[in-house]
$ cat final-v8.tsv   # TSV, C-alpha atoms
chain	number	residue	atom	x	y	z
E	108	MET	CA	0.00	0.00	0.00
E	109	GLU	CA	1.40	3.40	-1.00
E	110	THR	CA	2.22	6.10	1.57
E	111	VAL	CA	0.64	9.52	1.00
E	112	VAL	CA	1.33	12.86	2.66
E	113	LEU	CA	-2.00	14.69	2.62
E	114	ALA	CA	-1.53	18.45	3.10
E	115	VAL	CA	-4.83	19.96	4.19
E	116	GLY	CA	-5.38	23.69	3.58
E	117	GLY	CA	-6.69	26.31	5.95
E	118	ASN	CA	-10.27	25.87	4.74
E	119	ALA	CA	-10.32	22.48	6.47
E	120	LEU	CA	-11.27	24.29	9.69
E	121	LEU	CA	-12.31	27.78	8.67
E	122	ARG	CA	-14.10	29.24	5.67
E	123	PRO	CA	-14.61	32.88	4.65
E	124	GLY	CA	-17.21	34.42	6.96
E	125	ASP	CA	-16.63	31.98	9.83
E	126	ARG	CA	-16.02	33.54	13.26
E	127	GLY	CA	-13.72	30.75	14.35
E	128	THR	CA	-15.80	29.31	17.17
E	129	ALA	CA	-15.07	25.79	18.35
E	130	GLU	CA	-18.43	24.67	16.96
E	131	GLU	CA	-17.68	26.10	13.51
E	132	GLN	CA	-14.24	24.53	13.38
E	133	MET	CA	-15.51	21.13	14.46
E	134	LEU	CA	-18.18	21.34	11.74
E	135	ARG	CA	-15.54	22.19	9.09
E	136	ALA	CA	-13.29	19.39	10.33
E	137	ARG	CA	-16.23	17.01	9.98
E	138	GLU	CA	-16.86	18.20	6.42
E	139	THR	CA	-13.19	17.67	5.58
E	140	ALA	CA	-13.28	14.15	7.03
E	141	GLU	CA	-16.36	13.28	4.97
E	142	ASN	CA	-14.62	14.50	1.81
E	143	ILE	CA	-11.32	12.69	2.27
E	144	TYR	CA	-12.19	9.44	4.07
E	145	PRO	CA	-11.97	7.34	0.84
E	146	LEU	CA	-8.22	8.01	0.88
E	147	PHE	CA	-7.90	6.13	4.17
E	148	LYS	CA	-9.04	2.91	2.45
E	149	LYS	CA	-6.54	3.18	-0.40
E	150	PHE	CA	-3.34	4.53	1.19
E	151	LYS	CA	-1.20	4.77	4.29
E	152	ILE	CA	-1.89	8.38	5.27
E	153	VAL	CA	-0.12	11.14	7.18
E	154	VAL	CA	-2.11	14.38	7.36
E	155	THR	CA	-0.47	17.80	7.64
E	156	HIS	CA	-2.37	21.05	8.16
E	157	GLY	CA	-2.10	24.82	8.45
E	158	ASN	CA	-2.63	26.80	11.65
E	159	GLY	CA	-2.66	30.49	10.65
E	160	PRO	CA	-6.05	31.56	12.06
E	161	GLN	CA	-5.69	29.41	15.16
E	162	VAL	CA	-2.20	30.57	16.14
E	163	GLY	CA	-3.31	34.12	15.34
E	164	ALA	CA	-6.15	33.74	17.84
E	165	ILE	CA	-3.73	32.39	20.46
E	166	LEU	CA	-1.43	35.37	19.92
E	167	LEU	CA	-4.40	37.74	20.26
E	168	GLN	CA	-5.41	36.03	23.51
E	169	ASN	CA	-1.80	36.44	24.68
E	170	GLU	CA	-1.87	40.14	23.86
E	171	ASN	CA	-5.20	40.82	25.56
E	172	SER	CA	-4.25	38.98	28.76
E	173	LYS	CA	-0.56	39.95	28.98
E	174	ASN	CA	-1.13	41.95	32.18
E	175	ILE	CA	-2.71	38.93	33.88
E	176	VAL	CA	-0.94	35.87	32.42
E	177	PRO	CA	2.62	35.84	31.01
E	178	PRO	CA	2.45	35.58	27.19
E	179	MET	CA	4.06	32.57	25.52
E	180	PRO	CA	6.62	32.77	22.67
E	181	LEU	CA	5.61	31.85	19.13
E	182	ASP	CA	7.11	28.34	19.16
E	183	ILE	CA	5.01	27.41	22.19
E	184	CYS	CA	1.93	29.01	20.62
E	185	GLY	CA	2.56	26.85	17.56
E	186	ALA	CA	2.70	23.77	19.78
E	187	MET	CA	-0.60	24.80	21.39
E	188	SER	CA	-2.22	25.12	17.96
E	189	GLN	CA	-0.98	21.65	16.95
E	190	GLY	CA	-2.79	20.18	19.94
E	191	GLU	CA	-5.95	22.20	19.32
E	192	ILE	CA	-6.25	21.38	15.61
E	193	GLY	CA	-5.02	17.82	16.05
E	194	TYR	CA	-7.79	17.20	18.56
E	195	MET	CA	-10.50	18.56	16.25
E	196	LEU	CA	-9.26	16.56	13.27
E	197	THR	CA	-8.87	13.39	15.35
E	198	GLN	CA	-12.42	13.62	16.65
E	199	SER	CA	-13.83	14.19	13.18
E	200	PHE	CA	-11.75	11.54	11.40
E	201	HIS	CA	-12.48	8.96	14.10
E	202	ASN	CA	-16.24	9.54	14.03
E	203	VAL	CA	-16.48	9.45	10.24
E	204	LEU	CA	-14.31	6.31	9.96
E	205	GLU	CA	-16.43	4.59	12.61
E	206	GLU	CA	-19.60	5.43	10.69
E	207	LYS	CA	-18.06	4.16	7.44
E	208	ARG	CA	-16.82	1.02	9.21
E	209	ILE	CA	-13.22	1.65	8.23
E	210	ASP	CA	-10.88	0.11	10.79
E	211	LYS	CA	-8.28	2.87	11.22
E	212	ARG	CA	-7.03	4.65	14.32
E	213	ILE	CA	-5.84	8.25	14.46
E	214	VAL	CA	-2.81	9.60	16.30
E	215	VAL	CA	-1.43	13.15	16.58
E	216	ILE	CA	2.32	13.77	16.76
E	217	LEU	CA	3.60	17.04	18.19
E	218	THR	CA	6.14	17.81	15.48
E	219	ARG	CA	9.35	19.83	15.47
E	220	VAL	CA	11.12	20.82	12.27
E	221	LEU	CA	14.85	21.50	12.16
E	222	VAL	CA	15.90	24.77	10.52
E	223	ASP	CA	19.32	26.37	10.04
E	224	LYS	CA	20.16	29.03	12.63
E	225	ASN	CA	22.05	30.83	9.86
E	226	ASP	CA	19.10	30.79	7.46
E	227	PRO	CA	18.92	34.24	5.76
E	228	ALA	CA	15.22	34.42	6.71
E	229	PHE	CA	16.20	35.24	10.29
E	230	LYS	CA	17.70	38.51	9.06
E	231	ASN	CA	14.72	39.28	6.81
E	232	PRO	CA	11.41	38.54	8.58
E	233	THR	CA	8.51	38.51	6.10
E	234	LYS	CA	5.64	36.48	7.58
E	235	PRO	CA	2.86	38.60	9.17
E	236	ILE	CA	1.38	37.11	12.35
E	237	GLY	CA	-0.95	38.08	15.16
E	238	PRO	CA	-3.25	41.08	15.62
E	239	PHE	CA	-3.30	44.40	13.77
E	240	TYR	CA	-2.04	47.56	15.47
E	241	SER	CA	-2.00	51.27	14.76
E	242	GLU	CA	1.30	52.55	13.41
E	243	GLU	CA	2.11	54.25	16.71
E	244	GLU	CA	1.34	51.15	18.78
E	245	ALA	CA	3.23	48.83	16.40
E	246	LYS	CA	6.38	50.95	16.46
E	247	LYS	CA	6.21	51.20	20.24
E	248	LEU	CA	6.01	47.39	20.52
E	249	ALA	CA	8.84	47.03	18.03
E	250	LYS	CA	11.03	49.22	20.22
E	251	GLU	CA	10.03	47.51	23.46
E	252	LYS	CA	10.20	43.89	22.26
E	253	GLY	CA	12.62	44.02	19.36
E	254	TRP	CA	9.89	43.05	16.89
E	255	HIS	CA	9.94	43.72	13.17
E	256	VAL	CA	6.67	45.36	12.07
E	257	ILE	CA	5.20	46.29	8.69
E	258	GLU	CA	2.09	47.90	7.27
E	259	ASP	CA	-0.02	45.00	5.97
E	260	SER	CA	-2.04	45.67	2.80
E	261	GLY	CA	-3.78	48.78	4.11
E	262	ARG	CA	-5.34	46.86	7.01
E	263	GLY	CA	-3.01	48.07	9.76
E	264	TRP	CA	0.41	47.27	11.19
E	265	ARG	CA	1.51	43.77	12.16
E	266	ARG	CA	4.47	41.91	13.50
E	267	VAL	CA	6.49	39.91	10.95
E	268	VAL	CA	8.63	36.88	11.77
E	269	PRO	CA	11.14	34.77	9.83
E	270	SER	CA	10.02	31.94	7.55
E	271	PRO	CA	13.06	29.64	7.46
E	272	GLU	CA	13.50	26.66	5.16
E	273	PRO	CA	12.66	23.24	6.63
E	274	ILE	CA	15.64	20.87	6.73
E	275	GLU	CA	14.42	17.78	8.55
E	276	ILE	CA	11.39	16.52	10.45
E	277	VAL	CA	12.66	15.69	13.94
E	278	GLU	CA	9.94	13.10	14.63
E	279	LYS	CA	10.27	11.38	11.23
E	280	ARG	CA	11.11	7.92	12.63
E	281	ALA	CA	8.13	7.92	14.97
E	282	ILE	CA	5.82	9.05	12.16
E	283	ARG	CA	7.11	6.35	9.79
E	284	SER	CA	6.72	3.66	12.47
E	285	LEU	CA	3.13	4.67	13.24
E	286	ILE	CA	2.19	4.72	9.56
E	287	ASP	CA	3.64	1.25	9.10
E	288	GLU	CA	1.60	0.08	12.10
E	289	GLY	CA	-1.56	1.18	10.30
E	290	PHE	CA	-2.30	4.47	12.05
E	291	VAL	CA	-3.51	7.61	10.29
E	292	VAL	CA	-0.98	10.14	11.57
E	293	ILE	CA	-1.62	13.88	11.97
E	294	ALA	CA	1.73	15.67	12.01
E	295	VAL	CA	3.74	18.78	11.04
E	296	GLY	CA	0.84	21.03	12.06
E	297	GLY	CA	1.25	24.61	10.88
E	298	GLY	CA	4.51	23.67	9.16
E	299	GLY	CA	5.92	22.29	12.40
E	300	ILE	CA	7.56	23.96	15.39
E	301	PRO	CA	10.85	25.46	14.16
E	302	VAL	CA	13.90	24.39	16.17
E	303	ILE	CA	17.64	24.91	15.73
E	304	LYS	CA	20.62	23.00	17.09
E	305	GLU	CA	22.67	24.76	19.79
E	306	ASP	CA	25.57	22.81	21.34
E	307	GLY	CA	23.84	19.54	20.47
E	308	ASN	CA	20.48	20.61	21.96
E	309	PHE	CA	17.26	21.53	20.17
E	310	VAL	CA	16.15	25.11	20.86
E	311	GLY	CA	12.80	26.54	19.75
E	312	VAL	CA	12.87	29.71	17.67
E	313	GLU	CA	10.21	32.24	16.73
E	314	GLY	CA	9.31	31.73	13.10
E	315	VAL	CA	6.75	30.21	10.75
E	316	ILE	CA	7.64	27.40	8.35
E	317	ASP	CA	5.60	27.15	5.17
E	318	LYS	CA	3.19	24.23	5.60
E	319	ASP	CA	3.53	22.92	2.04
E	320	LEU	CA	7.34	23.02	2.08
E	321	ALA	CA	7.33	21.21	5.43
E	322	SER	CA	4.94	18.63	3.97
E	323	ALA	CA	7.35	18.04	1.07
E	324	THR	CA	10.21	17.63	3.57
E	325	LEU	CA	8.14	15.12	5.52
E	326	GLY	CA	7.44	13.23	2.29
E	327	LYS	CA	11.18	13.04	1.59
E	328	ASP	CA	12.05	12.02	5.15
E	329	ILE	CA	9.57	9.12	5.29
E	330	SER	CA	9.99	8.11	1.60
E	331	ALA	CA	6.32	8.78	0.78
E	332	ASP	CA	5.06	7.78	-2.67
E	333	ARG	CA	2.66	10.66	-3.22
E	334	LEU	CA	1.95	14.16	-2.00
E	335	ILE	CA	-1.66	15.38	-2.17
E	336	ILE	CA	-2.20	19.09	-1.56
E	337	LEU	CA	-5.77	20.15	-0.82
E	338	THR	CA	-6.56	23.81	-1.36
E	339	SER	CA	-9.49	26.10	-2.22
E	340	VAL	CA	-9.33	25.53	-6.01
E	341	ASP	CA	-10.01	22.32	-7.89
E	342	ARG	CA	-7.01	22.66	-10.21
E	343	VAL	CA	-3.88	24.70	-10.82
E	344	TYR	CA	-4.48	27.46	-13.37
E	345	LEU	CA	-2.33	29.56	-15.67
E	346	ASN	CA	-3.28	33.25	-15.77
E	347	PHE	CA	-5.50	32.61	-12.73
E	348	GLY	CA	-8.34	35.10	-12.32
E	349	LYS	CA	-7.91	36.53	-15.81
E	350	THR	CA	-10.18	36.14	-18.83
E	351	ASN	CA	-7.64	33.80	-20.42
E	352	GLN	CA	-7.11	31.55	-17.40
E	353	ARG	CA	-6.44	27.92	-18.29
E	354	ALA	CA	-6.66	24.84	-16.09
E	355	ILE	CA	-3.69	22.47	-16.02
E	356	GLU	CA	-4.57	18.77	-15.92
E	357	LYS	CA	-0.99	17.46	-15.93
E	358	MET	CA	2.47	18.98	-15.97
E	359	SER	CA	6.04	17.79	-15.54
E	360	VAL	CA	8.51	19.23	-13.05
E	361	GLU	CA	10.22	20.96	-15.98
E	362	GLU	CA	6.93	22.59	-17.04
E	363	ALA	CA	6.21	23.60	-13.44
E	364	ARG	CA	9.58	25.36	-13.21
E	365	LYS	CA	8.89	27.14	-16.49
E	366	TYR	CA	5.47	28.40	-15.34
E	367	MET	CA	6.99	29.58	-12.04
E	368	LYS	CA	9.61	31.62	-13.88
E	369	GLU	CA	6.87	33.13	-16.04
E	370	GLY	CA	5.14	34.40	-12.89
E	371	HIS	CA	1.93	32.39	-13.11
E	372	PHE	CA	1.83	31.51	-9.40
E	373	LYS	CA	1.46	34.06	-6.60
E	374	LYS	CA	3.92	33.97	-3.68
E	375	GLY	CA	1.21	33.87	-1.01
E	376	SER	CA	-0.99	31.37	-2.81
E	377	MET	CA	-0.06	28.70	-5.36
E	378	TYR	CA	3.70	29.39	-5.58
E	379	PRO	CA	4.74	27.50	-2.39
E	380	LYS	CA	2.53	24.57	-3.39
E	381	ILE	CA	4.26	24.26	-6.75
E	382	LEU	CA	7.68	24.69	-5.16
E	383	ALA	CA	6.84	22.01	-2.58
E	384	SER	CA	5.67	19.71	-5.39
E	385	ILE	CA	8.94	20.14	-7.27
E	386	ARG	CA	11.04	19.44	-4.19
E	387	PHE	CA	9.05	16.34	-3.30
E	388	LEU	CA	9.43	14.91	-6.81
E	389	GLU	CA	13.12	15.80	-6.98
E	390	HIS	CA	13.69	13.66	-3.88
E	391	GLY	CA	12.07	10.52	-5.27
E	392	GLY	CA	8.32	11.15	-4.96
E	393	LYS	CA	6.23	9.51	-7.68
E	394	GLU	CA	3.41	12.04	-8.06
E	395	VAL	CA	1.78	15.17	-6.68
E	396	LEU	CA	-1.95	15.88	-6.87
E	397	ILE	CA	-3.35	19.36	-6.22
E	398	THR	CA	-7.12	19.75	-5.87
E	399	SER	CA	-9.89	20.79	-3.46
E	400	PRO	CA	-11.33	18.58	-0.69
E	401	GLU	CA	-14.71	18.53	-2.44
E	402	LYS	CA	-13.17	17.21	-5.68
E	403	ILE	CA	-10.79	14.65	-4.21
E	404	GLN	CA	-12.73	11.60	-5.43
E	405	GLU	CA	-13.03	13.03	-8.94
E	406	ALA	CA	-9.32	13.81	-8.86
E	407	LEU	CA	-8.44	10.26	-7.80
E	408	ASP	CA	-10.56	9.03	-10.73
E	409	GLY	CA	-8.60	11.27	-13.11
E	410	GLU	CA	-11.54	13.61	-13.73
E	411	ASN	CA	-10.28	16.67	-11.81
E	412	GLY	CA	-7.26	18.15	-10.10
E	413	THR	CA	-3.74	18.78	-11.37
E	414	ILE	CA	-1.13	16.03	-11.52
E	415	ILE	CA	2.56	16.95	-11.36
E	416	TYR	CA	5.01	14.19	-12.29
E	417	PRO	CA	8.80	13.78	-12.40
E	418	GLU	CA	10.76	14.61	-15.53
$ encode --input "final-v8.tsv" --output "structure tokens"
Amino acid sequence: METVVLAVGGNALLRPGDRGTAEEQMLRARETAENIYPLFKKFKIVVTHGNGPQVGAILLQNENSKNIVPPMPLDICGAMSQGEIGYMLTQSFHNVLEEKRIDKRIVVILTRVLVDKNDPAFKNPTKPIGPFYSEEEAKKLAKEKGWHVIEDSGRGWRRVVPSPEPIEIVEKRAIRSLIDEGFVVIAVGGGGIPVIKEDGNFVGVEGVIDKDLASATLGKDISADRLIILTSVDRVYLNFGKTNQRAIEKMSVEEARKYMKEGHFKKGSMYPKILASIRFLEHGGKEVLITSPEKIQEALDGENGTIIYPE
């Protein structure tokens, strides 16, 4: 049975217009489980997921209660979000699999990801996180806490943190063992908790690792056969959003590189997914599928989605 890394997008727990209540997120997790459960019958599965809205809420809670409870650093907030989201996905997957009489058990692995302490990203923070501030308040916090802050798309000022490259999944052996034992594993939540090596010890750092790139690294580390990336669109498109947009059914790694150079994929959207696909295939992966949760069965039947294959 093939091993698949299933990278679930942010809409697995939150959709546009949702407030982010526990009830809403559990409902979305249930919907995701109902869409993807057929995969659990066909493959050995490890599920990865984003955590942007959830860790943002934790940071906002930190900020609003900082005079009562000491705020936690970003790496610990990331760990908290892994537990929160892992719990919601576990509940939903378990209940749906029970109803479908599929004999699989779910396990969540708190996952650290090794990054290079000399990664250039640490000198050039770019990833906005947490609440919005006025310019005056943001610059005051920057001075007090040593933060980097930017004006974010006309919506206000925010803190930005580094987004270092993932090198290795620290818990890779445990994840591989659990998959081989038949478990559905939920891991590398939010791109994983970034850690560096200092004098032989792991040390947590404040940063955000791209979830898709971390998923590709996990695929390499556990020798997965396929990477499936679930997102808000059913296929990858050229000239997306324009009158001449065109869906891509299949493309090679070489074609993917060409389209990236031509600027077809936006940095904050499809670009990291295509880059992750290329890296996964360059390290021995057999195939990448990009589609939406609602179209996953059609995509598996070859009637939807975008397939990326090695050269």
$ closest_residue --input "final-v8.tsv" --among "E:Asp408, E:Glu394, E:Asp332, E:Asp182" --to "E:Leu217" --atoms "all atoms listed in the file"
E:Asp182
$ closest_residue --input "final-v8.tsv" --among "E:Ile397, E:Ile303, E:Val112, E:Ala321" --to "E:Val343" --atoms "only C-alpha atoms"
E:Ile397
$ residues_around --input "final-v8.tsv" --residues "E:Ala281" --least-positions-apart "6" --cutoff "10 Å" --atoms "all atoms listed in the file" --output "list in words"
Ile216, Asp287, Val292 and Ile329 of chain E
$ atom_distance --input "final-v8.tsv" --atom1 "atom CA of E:Tyr416" --atom2 "atom CA of E:Met367"
15.5 Å
$ residues_around --input "final-v8.tsv" --residues "stretch 399-404 of chain E" --least-positions-apart "4" --cutoff "10 Å" --atoms "all atoms listed in the file" --output "list in words"
Val115, Gly116, Asn118, Ala119, Glu138, Thr139, Ala140, Glu141, Asn142, Ile143, Tyr144, Pro145, Leu146, Ile335, Ile336, Leu337, Thr338, Ser339, Val340, Asp341, Arg342, Asp408, Gly409, Glu410, Asn411 and Gly412 of chain E
$ write_last_selection --input "final-v8.tsv" --atoms "C-alpha atoms" --output "PDB file, in the coordinates of the input"
ATOM      1  CA  VAL E 115      -4.830  19.960   4.190  1.00  0.00           C
ATOM      2  CA  GLY E 116      -5.380  23.690   3.580  1.00  0.00           C
ATOM      3  CA  ASN E 118     -10.270  25.870   4.740  1.00  0.00           C
ATOM      4  CA  ALA E 119     -10.320  22.480   6.470  1.00  0.00           C
ATOM      5  CA  GLU E 138     -16.860  18.200   6.420  1.00  0.00           C
ATOM      6  CA  THR E 139     -13.190  17.670   5.580  1.00  0.00           C
ATOM      7  CA  ALA E 140     -13.280  14.150   7.030  1.00  0.00           C
ATOM      8  CA  GLU E 141     -16.360  13.280   4.970  1.00  0.00           C
ATOM      9  CA  ASN E 142     -14.620  14.500   1.810  1.00  0.00           C
ATOM     10  CA  ILE E 143     -11.320  12.690   2.270  1.00  0.00           C
ATOM     11  CA  TYR E 144     -12.190   9.440   4.070  1.00  0.00           C
ATOM     12  CA  PRO E 145     -11.970   7.340   0.840  1.00  0.00           C
ATOM     13  CA  LEU E 146      -8.220   8.010   0.880  1.00  0.00           C
ATOM     14  CA  ILE E 335      -1.660  15.380  -2.170  1.00  0.00           C
ATOM     15  CA  ILE E 336      -2.200  19.090  -1.560  1.00  0.00           C
ATOM     16  CA  LEU E 337      -5.770  20.150  -0.820  1.00  0.00           C
ATOM     17  CA  THR E 338      -6.560  23.810  -1.360  1.00  0.00           C
ATOM     18  CA  SER E 339      -9.490  26.100  -2.220  1.00  0.00           C
ATOM     19  CA  VAL E 340      -9.330  25.530  -6.010  1.00  0.00           C
ATOM     20  CA  ASP E 341     -10.010  22.320  -7.890  1.00  0.00           C
ATOM     21  CA  ARG E 342      -7.010  22.660 -10.210  1.00  0.00           C
ATOM     22  CA  ASP E 408     -10.560   9.030 -10.730  1.00  0.00           C
ATOM     23  CA  GLY E 409      -8.600  11.270 -13.110  1.00  0.00           C
ATOM     24  CA  GLU E 410     -11.540  13.610 -13.730  1.00  0.00           C
ATOM     25  CA  ASN E 411     -10.280  16.670 -11.810  1.00  0.00           C
ATOM     26  CA  GLY E 412      -7.260  18.150 -10.100  1.00  0.00           C
TER      27      GLY E 412
END
$ residues_around --input "final-v8.tsv" --residues "E:Ile236" --least-positions-apart "3" --cutoff "9 Å" --atoms "only C-alpha atoms" --output "ChimeraX atom specification"
/E:159,162-163,166,239,265-268,315
$ residues_around --input "final-v8.tsv" --residues "stretch 202-207 of chain E" --least-positions-apart "2" --cutoff "8 Å" --atoms "only C-alpha atoms" --output "ChimeraX atom specification"
/E:137,140-141,144,198-200,209-211
$ write_last_selection --input "final-v8.tsv" --atoms "C-alpha atoms" --output "compact mmCIF listing (two decimals), keeping the file's coordinate frame"
# COMPACT_ATOMS: atom_id res chain seq x y z
CA ARG E 137 -16.23 17.01 9.98
CA ALA E 140 -13.28 14.15 7.03
CA GLU E 141 -16.36 13.28 4.97
CA TYR E 144 -12.19 9.44 4.07
CA GLN E 198 -12.42 13.62 16.65
CA SER E 199 -13.83 14.19 13.18
CA PHE E 200 -11.75 11.54 11.40
CA ILE E 209 -13.22 1.65 8.23
CA ASP E 210 -10.88 0.11 10.79
CA LYS E 211 -8.28 2.87 11.22
$ atom_distance --input "final-v8.tsv" --atom1 "atom CA of E:Phe387" --atom2 "atom CA of E:Ala323"
5.0 Å
$ atom_distance --input "final-v8.tsv" --atom1 "atom CA of E:Ser322" --atom2 "atom CA of E:Leu134"
24.5 Å
$ closest_residue --input "final-v8.tsv" --among "E:Pro160, E:Gly190, E:Pro269, E:Pro123" --to "E:Gly237" --atoms "all atoms listed in the file"
E:Pro160
$ closest_residue --input "final-v8.tsv" --among "E:Thr110, E:Asn171, E:Thr233, E:Gln161" --to "E:Gly375" --atoms "only C-alpha atoms"
E:Thr233
$ residues_around --input "final-v8.tsv" --residues "E:Gly193" --least-positions-apart "5" --cutoff "12 Å" --atoms "all atoms listed in the file" --output "PyMOL selection string"
chain E and resi 119-120+132-133+136+154-158+161+185-188+198-201+213-218+291-297
$ closest_residue --input "final-v8.tsv" --among "E:Asp306, E:Arg208, E:Ala114, E:Pro238" --to "E:Asn169" --atoms "only C-alpha atoms"
E:Pro238
$ closest_residue --input "final-v8.tsv" --among "E:Leu325, E:Ala245, E:Leu382, E:Met377" --to "E:Val111" --atoms "all atoms listed in the file"
E:Leu325
$ build_atoms --input "final-v8.tsv" --residues "stretch 260-277 of chain E" --atoms "N, CA and C atoms" --output "mmCIF file, keeping the file's coordinate frame"
data_model
loop_
_atom_site.group_PDB
_atom_site.id
_atom_site.type_symbol
_atom_site.label_atom_id
_atom_site.label_comp_id
_atom_site.auth_asym_id
_atom_site.auth_seq_id
_atom_site.Cartn_x
_atom_site.Cartn_y
_atom_site.Cartn_z
ATOM 1 N N SER E 260 -0.988 45.572 3.827
ATOM 2 C CA SER E 260 -2.040 45.670 2.800
ATOM 3 C C SER E 260 -3.139 46.663 3.141
ATOM 4 N N GLY E 261 -2.791 47.758 3.796
ATOM 5 C CA GLY E 261 -3.780 48.780 4.110
ATOM 6 C C GLY E 261 -4.708 48.437 5.254
ATOM 7 N N ARG E 262 -4.440 47.315 5.938
ATOM 8 C CA ARG E 262 -5.340 46.860 7.010
ATOM 9 C C ARG E 262 -4.837 47.254 8.393
ATOM 10 N N GLY E 263 -3.609 47.729 8.472
ATOM 11 C CA GLY E 263 -3.010 48.070 9.760
ATOM 12 C C GLY E 263 -1.596 47.544 9.826
ATOM 13 N N TRP E 264 -0.972 47.699 10.990
ATOM 14 C CA TRP E 264 0.410 47.270 11.190
ATOM 15 C C TRP E 264 0.436 45.936 11.929
ATOM 16 N N ARG E 265 1.405 45.086 11.536
ATOM 17 C CA ARG E 265 1.510 43.770 12.160
ATOM 18 C C ARG E 265 2.970 43.406 12.399
ATOM 19 N N ARG E 266 3.150 42.500 13.301
ATOM 20 C CA ARG E 266 4.470 41.910 13.500
ATOM 21 C C ARG E 266 4.774 40.949 12.351
ATOM 22 N N VAL E 267 6.045 40.912 11.923
ATOM 23 C CA VAL E 267 6.490 39.910 10.950
ATOM 24 C C VAL E 267 7.615 39.089 11.566
ATOM 25 N N VAL E 268 7.618 37.797 11.230
ATOM 26 C CA VAL E 268 8.630 36.880 11.770
ATOM 27 C C VAL E 268 9.303 36.149 10.620
ATOM 28 N N PRO E 269 10.438 35.505 10.883
ATOM 29 C CA PRO E 269 11.140 34.770 9.830
ATOM 30 C C PRO E 269 10.344 33.555 9.343
ATOM 31 N N SER E 270 10.587 33.173 8.107
ATOM 32 C CA SER E 270 10.020 31.940 7.550
ATOM 33 C C SER E 270 11.164 31.090 6.998
ATOM 34 N N PRO E 271 11.882 30.408 7.886
ATOM 35 C CA PRO E 271 13.060 29.640 7.460
ATOM 36 C C PRO E 271 12.700 28.379 6.684
ATOM 37 N N GLU E 272 13.677 27.876 5.950
ATOM 38 C CA GLU E 272 13.500 26.660 5.160
ATOM 39 C C GLU E 272 13.526 25.430 6.061
ATOM 40 N N PRO E 273 12.599 24.494 5.862
ATOM 41 C CA PRO E 273 12.660 23.240 6.630
ATOM 42 C C PRO E 273 13.798 22.354 6.137
ATOM 43 N N ILE E 274 14.534 21.775 7.074
ATOM 44 C CA ILE E 274 15.640 20.870 6.730
ATOM 45 C C ILE E 274 15.267 19.418 6.974
ATOM 46 N N GLU E 275 14.695 19.165 8.153
ATOM 47 C CA GLU E 275 14.420 17.780 8.550
ATOM 48 C C GLU E 275 13.295 17.754 9.559
ATOM 49 N N ILE E 276 12.452 16.726 9.481
ATOM 50 C CA ILE E 276 11.390 16.520 10.450
ATOM 51 C C ILE E 276 11.972 15.733 11.624
ATOM 52 N N VAL E 277 11.997 16.324 12.803
ATOM 53 C CA VAL E 277 12.660 15.690 13.940
ATOM 54 C C VAL E 277 11.990 14.365 14.305
#
